[in-house]
>>> print(open('input22.pdb').read())   # PDB, C-alpha atoms and all ligand atoms
ATOM      1  CA  MET A 724     -44.412  70.181-168.401
ATOM      2  CA  ALA A 725     -42.069  67.454-169.635
ATOM      3  CA  ASP A 726     -41.860  64.269-167.597
ATOM      4  CA  HIS A 727     -38.788  63.748-165.443
ATOM      5  CA  ILE A 728     -36.867  60.502-165.562
ATOM      6  CA  LEU A 729     -34.382  59.715-162.818
ATOM      7  CA  VAL A 730     -31.122  58.451-164.311
ATOM      8  CA  THR A 731     -28.766  56.944-161.764
ATOM      9  CA  GLY A 732     -25.182  57.019-162.935
ATOM     10  CA  GLY A 733     -26.069  59.825-165.344
ATOM     11  CA  ALA A 734     -22.570  61.276-164.963
ATOM     12  CA  GLY A 735     -21.048  58.038-166.246
ATOM     13  CA  TYR A 736     -20.466  56.649-169.696
ATOM     14  CA  ILE A 737     -23.716  54.803-170.376
ATOM     15  CA  GLY A 738     -25.888  57.025-168.199
ATOM     16  CA  SER A 739     -24.788  60.283-169.824
ATOM     17  CA  HIS A 740     -25.646  58.887-173.267
ATOM     18  CA  ALA A 741     -29.007  57.765-171.934
ATOM     19  CA  CYS A 742     -29.586  61.337-170.693
ATOM     20  CA  LYS A 743     -28.772  62.713-174.125
ATOM     21  CA  SER A 744     -31.283  60.368-175.758
ATOM     22  CA  LEU A 745     -33.925  61.101-173.145
ATOM     23  CA  GLN A 746     -33.589  64.834-173.690
ATOM     24  CA  ALA A 747     -33.847  64.334-177.457
ATOM     25  CA  ALA A 748     -37.029  62.324-176.854
ATOM     26  CA  GLY A 749     -38.585  65.177-174.887
ATOM     27  CA  TYR A 750     -37.952  64.044-171.312
ATOM     28  CA  VAL A 751     -36.010  65.792-168.562
ATOM     29  CA  PRO A 752     -33.305  63.409-167.332
ATOM     30  CA  VAL A 753     -32.456  64.010-163.674
ATOM     31  CA  THR A 754     -29.009  62.605-162.967
ATOM     32  CA  PHE A 755     -28.394  61.003-159.582
ATOM     33  CA  ASP A 756     -24.694  60.248-159.141
ATOM     34  CA  ASN A 757     -22.038  60.293-156.438
ATOM     35  CA  LEU A 758     -19.234  60.968-158.978
ATOM     36  CA  VAL A 759     -17.155  58.047-157.705
ATOM     37  CA  THR A 760     -16.219  57.319-161.318
ATOM     38  CA  GLY A 761     -18.401  59.860-163.155
ATOM     39  CA  TRP A 762     -17.843  63.428-164.276
ATOM     40  CA  GLU A 763     -20.060  66.370-163.436
ATOM     41  CA  ASP A 764     -19.108  67.880-166.815
ATOM     42  CA  ALA A 765     -20.905  64.978-168.501
ATOM     43  CA  VAL A 766     -24.226  66.053-166.964
ATOM     44  CA  LYS A 767     -25.409  68.331-169.766
ATOM     45  CA  PHE A 768     -28.929  67.281-170.520
ATOM     46  CA  GLY A 769     -30.824  67.939-167.319
ATOM     47  CA  PRO A 770     -30.441  68.698-163.615
ATOM     48  CA  PHE A 771     -27.805  67.091-161.447
ATOM     49  CA  GLU A 772     -28.447  65.694-157.980
ATOM     50  CA  GLN A 773     -25.296  64.519-156.269
ATOM     51  CA  GLY A 774     -25.924  61.600-153.971
ATOM     52  CA  ASP A 775     -25.129  58.015-153.152
ATOM     53  CA  LEU A 776     -27.452  55.061-153.703
ATOM     54  CA  LEU A 777     -26.572  53.878-150.219
ATOM     55  CA  ASN A 778     -28.009  57.074-148.741
ATOM     56  CA  ARG A 779     -31.728  56.345-148.612
ATOM     57  CA  ALA A 780     -32.602  59.743-147.127
ATOM     58  CA  ARG A 781     -30.940  61.478-150.063
ATOM     59  CA  LEU A 782     -32.780  59.239-152.527
ATOM     60  CA  ASN A 783     -36.067  60.069-150.810
ATOM     61  CA  GLU A 784     -35.327  63.797-151.126
ATOM     62  CA  VAL A 785     -34.648  63.488-154.841
ATOM     63  CA  PHE A 786     -37.784  61.434-155.515
ATOM     64  CA  ALA A 787     -39.877  63.954-153.577
ATOM     65  CA  LYS A 788     -38.340  66.896-155.421
ATOM     66  CA  TRP A 789     -38.617  65.647-159.007
ATOM     67  CA  LYS A 790     -41.442  63.089-158.895
ATOM     68  CA  PRO A 791     -39.905  61.076-161.740
ATOM     69  CA  VAL A 792     -42.258  59.035-163.905
ATOM     70  CA  ALA A 793     -39.575  56.388-164.415
ATOM     71  CA  VAL A 794     -36.118  55.392-163.257
ATOM     72  CA  MET A 795     -33.202  54.231-165.390
ATOM     73  CA  HIS A 796     -30.476  52.634-163.288
ATOM     74  CA  PHE A 797     -26.870  52.833-164.517
ATOM     75  CA  ALA A 798     -25.051  53.634-161.264
ATOM     76  CA  ALA A 799     -22.643  50.843-160.426
ATOM     77  CA  LEU A 800     -19.054  49.875-159.964
ATOM     78  CA  ASN A 801     -18.021  47.803-162.962
ATOM     79  CA  GLN A 802     -14.332  46.892-162.818
ATOM     80  CA  VAL A 803     -14.218  43.127-163.231
ATOM     81  CA  GLY A 804     -10.704  42.669-161.819
ATOM     82  CA  GLU A 805     -11.376  44.800-158.769
ATOM     83  CA  SER A 806     -14.686  43.016-158.159
ATOM     84  CA  MET A 807     -12.767  39.724-157.849
ATOM     85  CA  LYS A 808     -10.385  41.217-155.317
ATOM     86  CA  GLU A 809     -12.970  43.184-153.350
ATOM     87  CA  PRO A 810     -16.311  41.438-153.858
ATOM     88  CA  GLY A 811     -17.847  42.950-150.722
ATOM     89  CA  LYS A 812     -17.371  46.454-152.069
ATOM     90  CA  TYR A 813     -19.281  45.481-155.207
ATOM     91  CA  TRP A 814     -22.088  43.644-153.412
ATOM     92  CA  LEU A 815     -22.567  46.600-151.113
ATOM     93  CA  ASN A 816     -22.550  49.272-153.797
ATOM     94  CA  ASN A 817     -24.318  47.444-156.594
ATOM     95  CA  VAL A 818     -26.717  45.059-154.880
ATOM     96  CA  LEU A 819     -27.666  47.030-151.798
ATOM     97  CA  GLY A 820     -27.565  50.250-153.815
ATOM     98  CA  SER A 821     -30.056  48.800-156.299
ATOM     99  CA  LEU A 822     -32.304  47.530-153.518
ATOM    100  CA  ASN A 823     -32.270  50.954-151.881
ATOM    101  CA  LEU A 824     -33.221  52.556-155.182
ATOM    102  CA  ILE A 825     -36.089  50.134-155.764
ATOM    103  CA  GLU A 826     -37.430  50.669-152.266
ATOM    104  CA  ALA A 827     -37.191  54.450-152.575
ATOM    105  CA  ALA A 828     -39.010  54.318-155.925
ATOM    106  CA  GLN A 829     -41.757  52.134-154.525
ATOM    107  CA  ALA A 830     -42.168  54.307-151.461
ATOM    108  CA  ASP A 831     -42.505  57.410-153.605
ATOM    109  CA  ALA A 832     -44.992  56.421-156.276
ATOM    110  CA  PRO A 833     -45.549  53.575-155.578
ATOM    111  CA  PHE A 834     -44.349  52.547-159.021
ATOM    112  CA  ALA A 835     -46.454  49.839-160.575
ATOM    113  CA  LEU A 836     -43.440  47.625-160.707
ATOM    114  CA  ALA A 837     -45.083  44.794-162.578
ATOM    115  CA  ASP A 838     -46.081  47.215-165.346
ATOM    116  CA  ILE A 839     -42.461  47.631-166.350
ATOM    117  CA  TYR A 840     -42.223  43.988-167.388
ATOM    118  CA  ASP A 841     -42.170  43.960-171.145
ATOM    119  CA  GLU A 842     -42.568  40.906-173.361
ATOM    120  CA  GLU A 843     -40.438  42.406-176.127
ATOM    121  CA  ILE A 844     -37.543  43.014-173.745
ATOM    122  CA  GLU A 845     -37.957  39.507-172.359
ATOM    123  CA  ALA A 846     -37.878  38.016-175.868
ATOM    124  CA  ALA A 847     -34.849  40.083-176.894
ATOM    125  CA  ALA A 848     -32.947  39.119-173.774
ATOM    126  CA  GLN A 849     -33.764  35.445-174.224
ATOM    127  CA  ALA A 850     -32.607  35.645-177.845
ATOM    128  CA  ALA A 851     -29.357  37.278-176.718
ATOM    129  CA  TYR A 852     -28.606  34.944-173.833
ATOM    130  CA  GLY A 853     -30.157  31.793-175.243
ATOM    131  CA  ARG A 854     -31.459  30.523-171.939
ATOM    132  CA  ASP A 855     -33.943  31.220-169.220
ATOM    133  CA  TYR A 856     -32.879  33.926-166.900
ATOM    134  CA  ALA A 857     -34.314  35.909-164.026
ATOM    135  CA  THR A 858     -36.163  38.845-165.502
ATOM    136  CA  PHE A 859     -35.967  41.899-163.363
ATOM    137  CA  GLY A 860     -39.649  42.447-163.864
ATOM    138  CA  PHE A 861     -40.185  44.795-160.957
ATOM    139  CA  GLY A 862     -42.427  42.701-158.785
ATOM    140  CA  ASN A 863     -42.905  40.159-161.508
ATOM    141  CA  TRP A 864     -40.027  37.786-160.882
ATOM    142  CA  GLN A 865     -39.748  35.049-163.445
ATOM    143  CA  SER A 866     -37.235  32.307-164.004
TER     144      SER A 866
HETATM  145  N1  LIG A 901     -19.539  50.494-170.422
HETATM  146  C1  LIG A 901     -19.979  49.394-171.019
HETATM  147  O1  LIG A 901     -19.561  49.003-172.127
HETATM  148  C2  LIG A 901     -21.079  48.575-170.363
HETATM  149  C3  LIG A 901     -21.573  47.458-171.027
HETATM  150  C4  LIG A 901     -22.594  46.710-170.433
HETATM  151  C5  LIG A 901     -23.096  47.063-169.200
HETATM  152  N2  LIG A 901     -22.584  48.140-168.568
HETATM  153  C6  LIG A 901     -23.138  48.472-167.256
HETATM  154  O2  LIG A 901     -23.705  49.783-167.297
HETATM  155  C7  LIG A 901     -23.564  50.380-166.006
HETATM  156  C8  LIG A 901     -22.830  51.718-166.148
HETATM  157  O3  LIG A 901     -21.551  51.478-166.717
HETATM  158  P1  LIG A 901     -20.625  52.662-167.237
HETATM  159  O4  LIG A 901     -19.678  52.077-168.194
HETATM  160  O5  LIG A 901     -21.481  53.805-167.655
HETATM  161  O6  LIG A 901     -19.827  52.996-165.894
HETATM  162  P2  LIG A 901     -19.359  54.413-165.334
HETATM  163  O7  LIG A 901     -18.389  54.128-164.242
HETATM  164  O8  LIG A 901     -18.934  55.324-166.431
HETATM  165  O9  LIG A 901     -20.729  54.978-164.738
HETATM  166  C9  LIG A 901     -21.255  54.535-163.510
HETATM  167  C10 LIG A 901     -21.749  55.768-162.771
HETATM  168  O10 LIG A 901     -22.348  55.355-161.557
HETATM  169  C11 LIG A 901     -21.933  56.234-160.521
HETATM  170  N3  LIG A 901     -22.067  55.495-159.271
HETATM  171  C12 LIG A 901     -21.461  54.336-158.913
HETATM  172  N4  LIG A 901     -21.858  53.953-157.704
HETATM  173  C13 LIG A 901     -22.743  54.880-157.267
HETATM  174  C14 LIG A 901     -23.510  55.031-156.075
HETATM  175  N5  LIG A 901     -23.409  54.166-155.067
HETATM  176  N6  LIG A 901     -24.332  56.097-155.976
HETATM  177  C15 LIG A 901     -24.429  56.995-156.985
HETATM  178  N7  LIG A 901     -23.728  56.911-158.127
HETATM  179  C16 LIG A 901     -22.890  55.854-158.265
HETATM  180  C17 LIG A 901     -20.511  56.623-160.888
HETATM  181  O11 LIG A 901     -20.058  57.821-160.299
HETATM  182  C18 LIG A 901     -20.600  56.736-162.411
HETATM  183  O12 LIG A 901     -20.931  58.038-162.833
HETATM  184  C19 LIG A 901     -22.811  49.353-165.132
HETATM  185  O13 LIG A 901     -23.761  48.579-164.423
HETATM  186  C20 LIG A 901     -22.091  48.510-166.164
HETATM  187  O14 LIG A 901     -21.789  47.220-165.668
HETATM  188  C21 LIG A 901     -21.588  48.913-169.114
END
>>> encode(input="input22.pdb", output="structure tokens")
Amino acid sequence: MADHILVTGGAGYIGSHACKSLQAAGYVPVTFDNLVTGWEDAVKFGPFEQGDLLNRARLNEVFAKWKPVAVMHFAALNQVGESMKEPGKYWLNNVLGSLNLIEAAQADAPFALADIYDEEIEAAAQAAYGRDYATFGFGNWQS
């Protein structure tokens, strides 16, 4: 059976394209999305699980159901102007939402978070940004 990959924000712009590519590569992308800015019609490449990153119980259910081998995280609010006017809304959704997702993933597998760190990604990001940065190396924080 094909491996499942959990794609948060899979009903959004970037996430739906990621799902298309994942399906083409032989994976089953499982979209997790609350449709705050996404479209259910865009979920064409695998199952849809409606839910909010801030709802840990719902995340737990989805991890238990699909046992994803990996998670790709695209669920976020991303309006720059609005984020200046309502920063708390963005911190809550994007930062706490991401933390919830990471904790749910760890509780389920536990994912070998450090294994996701990749030297090629690190090198590409450093080339792009031209400076040291905090690599989100899943348990392998670097600066
Ligand atoms: N669009 C771009 O050009 C671009 C460029 C660089 C980075 N990004 C980043 O990629 C990510 C996705 O951007 P996008 O353009 O696809 O945005 P989008 O609004 O089209 O997609 C985001 C998806 O996340 C979902 N979502 C938001 N909060 C959620 C929550 N709490 N729980 C569940 N689902 C939630 C929305 O319903 C939506 O489907 C963002 O982090 C954005 O900053 C986008």
>>> residues_near_ligand(input="input22.pdb", ligand="ligand LIG 901 (chain A)", cutoff="7 Å", atoms="all atoms listed in the file", output="list in words")
Thr731, Gly732, Gly733, Ala734, Gly735, Tyr736, Ile737, Gly738, Phe755, Asp756, Asn757, Leu758, Val759, Thr760, Gly761, Trp762, Gly774, Asp775, Leu776, Leu777, Phe797, Ala798, Ala799, Leu800, Asn801, Asn816, Asn817 and Gly820 of chain A
>>> axis_aligned_box(input="input22.pdb", around="range 766-777 of chain A", padding_each_side="8 Å", output="JSON")
{"center_x": -27.5, "center_y": 61.3, "center_z": -160.4, "size_x": 22.6, "size_y": 30.8, "size_z": 36.3}
>>> residues_around(input="input22.pdb", residues="Gln746 in chain A", least_positions_apart="4", cutoff="12 Å", atoms="all atoms listed in the file", output="PyMOL selection string")
chain A and resi 725-728+730+739-742+750-754+766-770
>>> atom_distance(input="input22.pdb", atom1="CA of Ala780 in chain A", atom2="CA of Lys743 in chain A")
27.4 Å
>>> atom_distance(input="input22.pdb", atom1="CA of Leu824 in chain A", atom2="CA of Val794 in chain A")
9.0 Å
>>> closest_residue(input="input22.pdb", among="A:Ala793, A:Glu772, A:Ala828, A:Lys788", to="Leu745 in chain A", atoms="all atoms listed in the file")
A:Ala793
>>> atom_distance(input="input22.pdb", atom1="CA of Gly804 in chain A", atom2="CA of Val818 in chain A")
17.6 Å
>>> closest_residue(input="input22.pdb", among="A:Gln773, A:Asn778, A:Ser744, A:Ser806", to="Glu826 in chain A", atoms="only C-alpha atoms")
A:Asn778
>>> closest_residue(input="input22.pdb", among="A:Met807, A:Ala748, A:Val792, A:Leu782", to="Asn823 in chain A", atoms="only C-alpha atoms")
A:Leu782
>>> closest_residue(input="input22.pdb", among="A:Gln802, A:Pro791, A:Val785, A:Arg779", to="Leu822 in chain A", atoms="only C-alpha atoms")
A:Arg779
>>> build_atoms(input="input22.pdb", residues="range 752-768 of chain A", atoms="N, CA and C atoms", output="PDB file, keeping the file's coordinate frame")
ATOM      1  N   PRO A 752     -34.041  64.394-168.109  1.00  0.00           N
ATOM      2  CA  PRO A 752     -33.305  63.409-167.332  1.00  0.00           C
ATOM      3  C   PRO A 752     -32.688  64.056-166.090  1.00  0.00           C
ATOM      4  N   VAL A 753     -33.025  63.516-164.935  1.00  0.00           N
ATOM      5  CA  VAL A 753     -32.456  64.010-163.674  1.00  0.00           C
ATOM      6  C   VAL A 753     -31.368  63.021-163.257  1.00  0.00           C
ATOM      7  N   THR A 754     -30.123  63.487-163.315  1.00  0.00           N
ATOM      8  CA  THR A 754     -29.009  62.605-162.967  1.00  0.00           C
ATOM      9  C   THR A 754     -28.843  62.502-161.458  1.00  0.00           C
ATOM     10  N   PHE A 755     -28.738  61.259-160.987  1.00  0.00           N
ATOM     11  CA  PHE A 755     -28.394  61.003-159.582  1.00  0.00           C
ATOM     12  C   PHE A 755     -27.074  60.242-159.597  1.00  0.00           C
ATOM     13  N   ASP A 756     -26.029  60.843-159.016  1.00  0.00           N
ATOM     14  CA  ASP A 756     -24.694  60.248-159.141  1.00  0.00           C
ATOM     15  C   ASP A 756     -23.813  60.748-158.002  1.00  0.00           C
ATOM     16  N   ASN A 757     -22.957  59.862-157.506  1.00  0.00           N
ATOM     17  CA  ASN A 757     -22.038  60.293-156.438  1.00  0.00           C
ATOM     18  C   ASN A 757     -20.652  60.671-156.969  1.00  0.00           C
ATOM     19  N   LEU A 758     -20.478  60.571-158.290  1.00  0.00           N
ATOM     20  CA  LEU A 758     -19.234  60.968-158.978  1.00  0.00           C
ATOM     21  C   LEU A 758     -18.036  60.104-158.581  1.00  0.00           C
ATOM     22  N   VAL A 759     -18.290  58.898-158.083  1.00  0.00           N
ATOM     23  CA  VAL A 759     -17.155  58.047-157.705  1.00  0.00           C
ATOM     24  C   VAL A 759     -16.307  57.712-158.930  1.00  0.00           C
ATOM     25  N   THR A 760     -16.957  57.501-160.062  1.00  0.00           N
ATOM     26  CA  THR A 760     -16.219  57.319-161.318  1.00  0.00           C
ATOM     27  C   THR A 760     -16.763  58.221-162.425  1.00  0.00           C
ATOM     28  N   GLY A 761     -17.776  59.012-162.133  1.00  0.00           N
ATOM     29  CA  GLY A 761     -18.401  59.860-163.155  1.00  0.00           C
ATOM     30  C   GLY A 761     -17.825  61.272-163.169  1.00  0.00           C
ATOM     31  N   TRP A 762     -18.332  62.055-164.099  1.00  0.00           N
ATOM     32  CA  TRP A 762     -17.843  63.428-164.276  1.00  0.00           C
ATOM     33  C   TRP A 762     -19.026  64.382-164.288  1.00  0.00           C
ATOM     34  N   GLU A 763     -18.953  65.398-163.458  1.00  0.00           N
ATOM     35  CA  GLU A 763     -20.060  66.370-163.436  1.00  0.00           C
ATOM     36  C   GLU A 763     -20.194  67.054-164.799  1.00  0.00           C
ATOM     37  N   ASP A 764     -19.069  67.239-165.498  1.00  0.00           N
ATOM     38  CA  ASP A 764     -19.108  67.880-166.815  1.00  0.00           C
ATOM     39  C   ASP A 764     -19.946  67.089-167.823  1.00  0.00           C
ATOM     40  N   ALA A 765     -20.135  65.809-167.561  1.00  0.00           N
ATOM     41  CA  ALA A 765     -20.905  64.978-168.501  1.00  0.00           C
ATOM     42  C   ALA A 765     -22.407  65.147-168.296  1.00  0.00           C
ATOM     43  N   VAL A 766     -22.792  65.845-167.243  1.00  0.00           N
ATOM     44  CA  VAL A 766     -24.226  66.053-166.964  1.00  0.00           C
ATOM     45  C   VAL A 766     -24.663  67.334-167.672  1.00  0.00           C
ATOM     46  N   LYS A 767     -25.117  67.169-168.910  1.00  0.00           N
ATOM     47  CA  LYS A 767     -25.409  68.331-169.766  1.00  0.00           C
ATOM     48  C   LYS A 767     -26.859  68.401-170.202  1.00  0.00           C
ATOM     49  N   PHE A 768     -27.620  67.399-169.881  1.00  0.00           N
ATOM     50  CA  PHE A 768     -28.929  67.281-170.520  1.00  0.00           C
ATOM     51  C   PHE A 768     -30.103  67.435-169.556  1.00  0.00           C
TER      52      PHE A 768
END
